[in-house]
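Report on the structure given below.
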Amino acid sequence: MIFLNQYDLKQNYILPLPEPEHEIALETKNLEVFYGAKQAFFEGNLKFERYKITSLIGASGCGKSTYLRSLNRMNDGIGTVKGQILYRDLDINGPDINVYELRKHIGMVFQRPNPFSKSIKENITFALKENGLKDKEKLAEIVEESLKKAALWDEVKDDLNKSALALSGGQQQRLCIARAIAMSPDILLMDEPCSALDPISTLKVEETMLELKKNYTIIIVTHNMQQASRVSDYTAFFHMGHVLEFDKTKKIFTNPTIQATNDYVSGNFG
Ligand SMILES: Nc1ncnc2c1ncn2[C@@H]1O[C@H](COP(=O)(O)OP(=O)(O)OP(=O)(O)O)[C@@H](O)[C@H]1O
């Protein structure tokens, strides 16, 4: 067993990023996150390609969620985020950004399914109505479309007025995905979206993600190595608050450049 502190971070990090092949949906430059005096994330320079899935992997406490949550300002009021987060030529970490509007573009799906205690339909229409959409036909259209994209429509189409809380955990998580995509985000952040799900529900959510990447850019935190290798195009390996290696998923899992990545993906430390 190899222990985390065995790696000399100064020698290993940070590998040059691969050249992005396509358009960049989101980029972080010199991102740092502090909780009080403690620095939890260091020098994050990553570029996320549009219509691709990027997995963030690494041992518990290495800063994956801290980094992910910064991308739609979920760390506001919790930690201090320094550096730039560039989205459509805007630094969304800037003081003049309307965070509520931002989250319509960069949505989040959490670890535990968290549907509202409302009907399946209302879970999807609630935020849209709050945003002023009143047209019933348009709302019904969005409900159907979002549930179809989240691969839940066939299972719930006859029960749209039933409580979302009566759904299984896996169905609830797909409903939360439907709720997020009903707002037509550009980018979906997913923080261990399958950790509370059984293997069959996990596979369904993974299939949903593969379908969703036709229209969305997805960044997912996962502890599940098989999941990262099954769904993602790129993988970033986090270690003690640093991104040590970021590359195509196939390279990370079959021929990583640094020892620490190799040890992690082959299960030799944890
Ligand atoms: N709200 C907070 N206040 C203070 N410290 C925090 C807070 N959230 C996270 N941390 C600390 O920041 C570091 C990174 O935590 P983070 O949750 O980002 O790691 P992670 O890689 O996502 O872990 P896990 O895989 O267990 O979810 C840890 O040392 C953690 O204790």
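Chain identifiers are assigned as A, B, and so on, following the order in which chains appear in the structure tokens; residues are numbered from 1 within each chain, and ligands are numbered from 1 in order of appearance.
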Item to check | Close residues to ligand 1 using only C-alpha atoms and all ligand atoms, limit 6 Å, as a PyMOL selection string | outcome: chain A and resi 35+40+59-66+78
Next on the checklist: Give me the residues near Ala196 (chain A) as JSON, numbers by chain, where near means some atom within 10 Å (using only C-alpha atoms) and where sequence neighbours in that chain fewer than 3 positions away do not count.
Outcome noted: {"A": [111, 112, 113, 169, 170, 173, 192, 193, 199, 201, 202]}
Checklist entry - Just asking: which residues within region 106-169 of chain A are alpha helix (DSSP H) according to DSSP, as a PyMOL selection string? => result chain A and resi 120-130+136-149+153-156+169
With N, CA and C atoms retained, write the just-selected residues as an mmCIF file, in the first residue's frame.
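Generated output (result-v3.cif):
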```cif
data_model
loop_
_atom_site.group_PDB
_atom_site.id
_atom_site.type_symbol
_atom_site.label_atom_id
_atom_site.label_comp_id
_atom_site.auth_asym_id
_atom_site.auth_seq_id
_atom_site.Cartn_x
_atom_site.Cartn_y
_atom_site.Cartn_z
ATOM 1 N N ILE A 120 -44.122 15.265 -9.431
ATOM 2 C CA ILE A 120 -43.040 15.095 -10.413
ATOM 3 C C ILE A 120 -43.031 16.298 -11.362
ATOM 4 N N LYS A 121 -44.234 16.639 -11.848
ATOM 5 C CA LYS A 121 -44.343 17.749 -12.800
ATOM 6 C C LYS A 121 -43.876 19.067 -12.167
ATOM 7 N N GLU A 122 -44.353 19.320 -10.949
ATOM 8 C CA GLU A 122 -44.000 20.598 -10.305
ATOM 9 C C GLU A 122 -42.509 20.716 -9.989
ATOM 10 N N ASN A 123 -41.855 19.568 -9.793
ATOM 11 C CA ASN A 123 -40.415 19.627 -9.578
ATOM 12 C C ASN A 123 -39.726 20.298 -10.761
ATOM 13 N N ILE A 124 -40.282 20.056 -11.947
ATOM 14 C CA ILE A 124 -39.660 20.613 -13.141
ATOM 15 C C ILE A 124 -40.169 22.016 -13.443
ATOM 16 N N THR A 125 -41.463 22.257 -13.182
ATOM 17 C CA THR A 125 -42.025 23.553 -13.583
ATOM 18 C C THR A 125 -41.781 24.662 -12.555
ATOM 19 N N PHE A 126 -41.449 24.282 -11.318
ATOM 20 C CA PHE A 126 -41.372 25.268 -10.240
ATOM 21 C C PHE A 126 -40.455 26.458 -10.590
ATOM 22 N N ALA A 127 -39.216 26.145 -10.942
ATOM 23 C CA ALA A 127 -38.257 27.240 -11.208
ATOM 24 C C ALA A 127 -38.639 27.998 -12.478
ATOM 25 N N LEU A 128 -39.200 27.264 -13.450
ATOM 26 C CA LEU A 128 -39.593 27.926 -14.700
ATOM 27 C C LEU A 128 -40.692 28.947 -14.426
ATOM 28 N N LYS A 129 -41.668 28.543 -13.578
ATOM 29 C CA LYS A 129 -42.757 29.473 -13.229
ATOM 30 C C LYS A 129 -42.215 30.667 -12.447
ATOM 31 N N GLU A 130 -41.283 30.376 -11.536
ATOM 32 C CA GLU A 130 -40.659 31.465 -10.759
ATOM 33 C C GLU A 130 -39.977 32.460 -11.689
ATOM 34 N N LYS A 136 -49.050 27.201 -20.263
ATOM 35 C CA LYS A 136 -49.196 25.806 -19.803
ATOM 36 C C LYS A 136 -48.691 24.798 -20.826
ATOM 37 N N GLU A 137 -48.973 25.097 -22.103
ATOM 38 C CA GLU A 137 -48.520 24.164 -23.149
ATOM 39 C C GLU A 137 -47.000 24.095 -23.206
ATOM 40 N N LYS A 138 -46.374 25.265 -23.090
ATOM 41 C CA LYS A 138 -44.901 25.322 -23.141
ATOM 42 C C LYS A 138 -44.318 24.582 -21.926
ATOM 43 N N LEU A 139 -44.977 24.789 -20.765
ATOM 44 C CA LEU A 139 -44.491 24.113 -19.553
ATOM 45 C C LEU A 139 -44.597 22.593 -19.718
ATOM 46 N N ALA A 140 -45.744 22.142 -20.261
ATOM 47 C CA ALA A 140 -45.936 20.694 -20.452
ATOM 48 C C ALA A 140 -44.896 20.140 -21.418
ATOM 49 N N GLU A 141 -44.599 20.944 -22.436
ATOM 50 C CA GLU A 141 -43.591 20.534 -23.430
ATOM 51 C C GLU A 141 -42.216 20.369 -22.755
ATOM 52 N N ILE A 142 -41.873 21.331 -21.904
ATOM 53 C CA ILE A 142 -40.560 21.273 -21.241
ATOM 54 C C ILE A 142 -40.507 20.085 -20.279
ATOM 55 N N VAL A 143 -41.636 19.817 -19.586
ATOM 56 C CA VAL A 143 -41.671 18.674 -18.659
ATOM 57 C C VAL A 143 -41.369 17.397 -19.441
ATOM 58 N N GLU A 144 -42.056 17.221 -20.558
ATOM 59 C CA GLU A 144 -41.875 15.988 -21.339
ATOM 60 C C GLU A 144 -40.446 15.895 -21.889
ATOM 61 N N GLU A 145 -40.007 16.997 -22.449
ATOM 62 C CA GLU A 145 -38.676 17.003 -23.069
ATOM 63 C C GLU A 145 -37.576 16.723 -22.026
ATOM 64 N N SER A 146 -37.674 17.371 -20.863
ATOM 65 C CA SER A 146 -36.624 17.188 -19.840
ATOM 66 C C SER A 146 -36.644 15.768 -19.294
ATOM 67 N N LEU A 147 -37.857 15.236 -19.087
ATOM 68 C CA LEU A 147 -37.940 13.867 -18.565
ATOM 69 C C LEU A 147 -37.433 12.865 -19.598
ATOM 70 N N LYS A 148 -37.674 13.154 -20.867
ATOM 71 C CA LYS A 148 -37.161 12.260 -21.914
ATOM 72 C C LYS A 148 -35.645 12.313 -21.932
ATOM 73 N N LYS A 149 -35.083 13.536 -21.865
ATOM 74 C CA LYS A 149 -33.614 13.668 -21.893
ATOM 75 C C LYS A 149 -32.988 12.990 -20.686
ATOM 76 N N TRP A 153 -38.983 9.617 -18.665
ATOM 77 C CA TRP A 153 -40.331 9.843 -19.180
ATOM 78 C C TRP A 153 -41.175 8.566 -19.206
ATOM 79 N N ASP A 154 -40.619 7.504 -19.791
ATOM 80 C CA ASP A 154 -41.406 6.275 -19.949
ATOM 81 C C ASP A 154 -41.862 5.724 -18.607
ATOM 82 N N GLU A 155 -41.058 5.931 -17.579
ATOM 83 C CA GLU A 155 -41.403 5.383 -16.258
ATOM 84 C C GLU A 155 -42.420 6.236 -15.505
ATOM 85 N N VAL A 156 -42.537 7.524 -15.843
ATOM 86 C CA VAL A 156 -43.401 8.396 -15.016
ATOM 87 C C VAL A 156 -44.492 9.118 -15.789
ATOM 88 N N GLY A 169 -34.870 5.917 -5.445
ATOM 89 C CA GLY A 169 -33.706 6.815 -5.382
ATOM 90 C C GLY A 169 -33.153 7.126 -6.768
#
```
Item to check | Shell around Leu165 (chain A) at 10 Å using only C-alpha atoms, local window under 3 positions removed, as an NGL selection string | outcome: :A and (113-120 or 162 or 168-169 or 171-172)
Tell me, counting only C-alpha atoms, for each residue of region 146-250 of chain A within 7 Å of region 92-109 of chain A, which pair of atoms is nearest and how far apart they are in Å to one decimal, in rows ordered by chain and increasing number, as CSV.
```
residue,atom,partner,partner_atom,distance
A:Cys176,CA,A:Val109,CA,6.6
A:Ile177,CA,A:Val109,CA,6.3
A:Ala180,CA,A:Gly107,CA,5.9
A:Met183,CA,A:Lys104,CA,5.9
A:Pro185,CA,A:His105,CA,4.1
A:Asp186,CA,A:His105,CA,5.2
A:Ile187,CA,A:Ile106,CA,4.7
A:Leu188,CA,A:Gly107,CA,4.9
A:Leu189,CA,A:Met108,CA,4.6
A:Met190,CA,A:Val109,CA,4.7
A:Asp191,CA,A:Val109,CA,6.4
A:Pro193,CA,A:Val109,CA,6.6
```
Next on the checklist: Between CA of Gln39 (chain A) and CA of Thr235 (chain A), what is the distance in Å, rounded to a tenth?
Outcome noted: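 Interatomic distance here is 22.9 Å.
The space separating CA of Arg69 (chain A) from CA of Ile200 (chain A) comes to 27.1 Å.
Across the model, the gap from CA of Gly241 (chain A) to CA of Met225 (chain A) is 19.1 Å.
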Item to check | Neighbour list for Phe253 (chain A) as a PyMOL selection string, cut-off 10 Å, only C-alpha atoms, skip fewer than 3 positions in-chain | outcome: chain A and resi 225-226+228-229+235+247-250+256+261-262+264-266
Mind dumping the selected residues with C-alpha atoms as a PDB file, in the first residue's frame?
```
ATOM      1  CA  MET A 225     -13.218   4.384 -11.324  1.00  0.00           C
ATOM      2  CA  GLN A 226     -15.296   2.205 -13.640  1.00  0.00           C
ATOM      3  CA  ALA A 228     -15.056   7.557 -14.814  1.00  0.00           C
ATOM      4  CA  SER A 229     -13.628   5.241 -17.458  1.00  0.00           C
ATOM      5  CA  THR A 235     -10.214  12.812 -16.452  1.00  0.00           C
ATOM      6  CA  ASP A 247      -5.717  14.041 -19.877  1.00  0.00           C
ATOM      7  CA  LYS A 248      -7.919  11.908 -22.070  1.00  0.00           C
ATOM      8  CA  THR A 249      -9.605   9.296 -19.906  1.00  0.00           C
ATOM      9  CA  LYS A 250      -8.099   6.418 -21.856  1.00  0.00           C
ATOM     10  CA  PRO A 256      -0.855   7.692 -16.973  1.00  0.00           C
ATOM     11  CA  THR A 261      -2.168   8.661 -10.950  1.00  0.00           C
ATOM     12  CA  ASN A 262      -1.177   5.118 -11.772  1.00  0.00           C
ATOM     13  CA  TYR A 264      -4.731   5.728  -7.648  1.00  0.00           C
ATOM     14  CA  VAL A 265      -6.432   4.326 -10.738  1.00  0.00           C
ATOM     15  CA  SER A 266      -5.036   0.879 -10.064  1.00  0.00           C
TER      16      SER A 266
END
```
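For the choices A:Ile24, A:Val221, A:Leu167, A:Val81, the atom-to-atom distance to Lys38 (chain A) is smallest for A:Val81 when using only C-alpha atoms.
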For the strand (DSSP E or B) assignment from backbone DSSP, which residues of region 15-245 of chain A qualify? Please present them as a CSV table (one decimal) with C-alpha atoms, in the first residue's frame.
```
chain,number,residue,atom,x,y,z
A,24,ILE,CA,-13.8,25.4,-24.6
A,25,ALA,CA,-17.0,25.7,-22.5
A,26,LEU,CA,-15.4,26.6,-19.2
A,27,GLU,CA,-11.9,27.4,-18.0
A,28,THR,CA,-10.3,28.0,-14.6
A,29,LYS,CA,-7.1,30.1,-14.3
A,30,ASN,CA,-5.1,30.0,-11.1
A,31,LEU,CA,-8.1,29.0,-9.1
A,32,GLU,CA,-7.5,28.7,-5.4
A,33,VAL,CA,-10.0,28.0,-2.6
A,34,PHE,CA,-9.6,28.7,1.1
A,35,TYR,CA,-11.7,27.7,4.0
A,38,LYS,CA,-6.8,26.7,5.3
A,39,GLN,CA,-6.1,26.3,1.5
A,40,ALA,CA,-8.1,23.4,0.2
A,41,PHE,CA,-7.4,23.9,-3.5
A,42,PHE,CA,-4.3,25.2,-5.3
A,43,GLU,CA,-3.6,26.6,-8.7
A,44,GLY,CA,-6.4,25.0,-10.7
A,45,ASN,CA,-5.8,25.7,-14.4
A,46,LEU,CA,-8.2,23.5,-16.3
A,47,LYS,CA,-10.1,23.8,-19.6
A,48,PHE,CA,-13.3,21.9,-20.1
A,49,GLU,CA,-14.2,21.0,-23.7
A,53,ILE,CA,-17.7,14.7,-20.0
A,54,THR,CA,-14.8,15.3,-17.7
A,55,SER,CA,-14.4,13.3,-14.5
A,56,LEU,CA,-12.7,14.7,-11.4
A,57,ILE,CA,-11.2,11.8,-9.5
A,80,THR,CA,-12.8,32.3,-0.4
A,81,VAL,CA,-12.3,31.6,-4.1
A,82,LYS,CA,-9.4,33.4,-5.9
A,83,GLY,CA,-8.5,33.3,-9.5
A,84,GLN,CA,-10.6,33.3,-12.6
A,85,ILE,CA,-13.5,31.1,-13.9
A,86,LEU,CA,-14.0,32.0,-17.5
A,87,TYR,CA,-17.3,31.3,-19.1
A,90,LEU,CA,-16.8,36.4,-18.6
A,91,ASP,CA,-15.0,35.9,-15.3
A,106,ILE,CA,-24.2,26.2,-15.0
A,107,GLY,CA,-26.5,23.8,-13.2
A,108,MET,CA,-25.7,21.3,-10.4
A,109,VAL,CA,-26.9,17.8,-9.6
A,119,SER,CA,-45.4,16.4,-7.7
A,163,SER,CA,-45.3,13.0,-5.4
A,187,ILE,CA,-22.9,23.1,-18.3
A,188,LEU,CA,-24.0,20.4,-15.8
A,189,LEU,CA,-21.9,19.9,-12.7
A,190,MET,CA,-22.5,16.6,-11.0
A,191,ASP,CA,-21.2,15.8,-7.5
A,217,THR,CA,-20.9,19.9,-21.2
A,218,ILE,CA,-20.7,17.7,-18.1
A,219,ILE,CA,-18.2,17.8,-15.2
A,220,ILE,CA,-18.6,15.0,-12.7
A,221,VAL,CA,-16.9,14.2,-9.4
A,234,TYR,CA,-11.3,13.5,-20.0
A,235,THR,CA,-10.2,12.8,-16.5
A,236,ALA,CA,-8.5,15.1,-13.9
A,237,PHE,CA,-6.6,13.4,-11.1
A,238,PHE,CA,-6.7,15.4,-7.9
A,239,HIS,CA,-4.3,14.9,-5.0
A,242,HIS,CA,-3.7,19.9,-6.6
A,243,VAL,CA,-4.6,18.6,-10.0
A,244,LEU,CA,-1.7,16.4,-10.7
A,245,GLU,CA,-2.7,15.0,-14.1
```
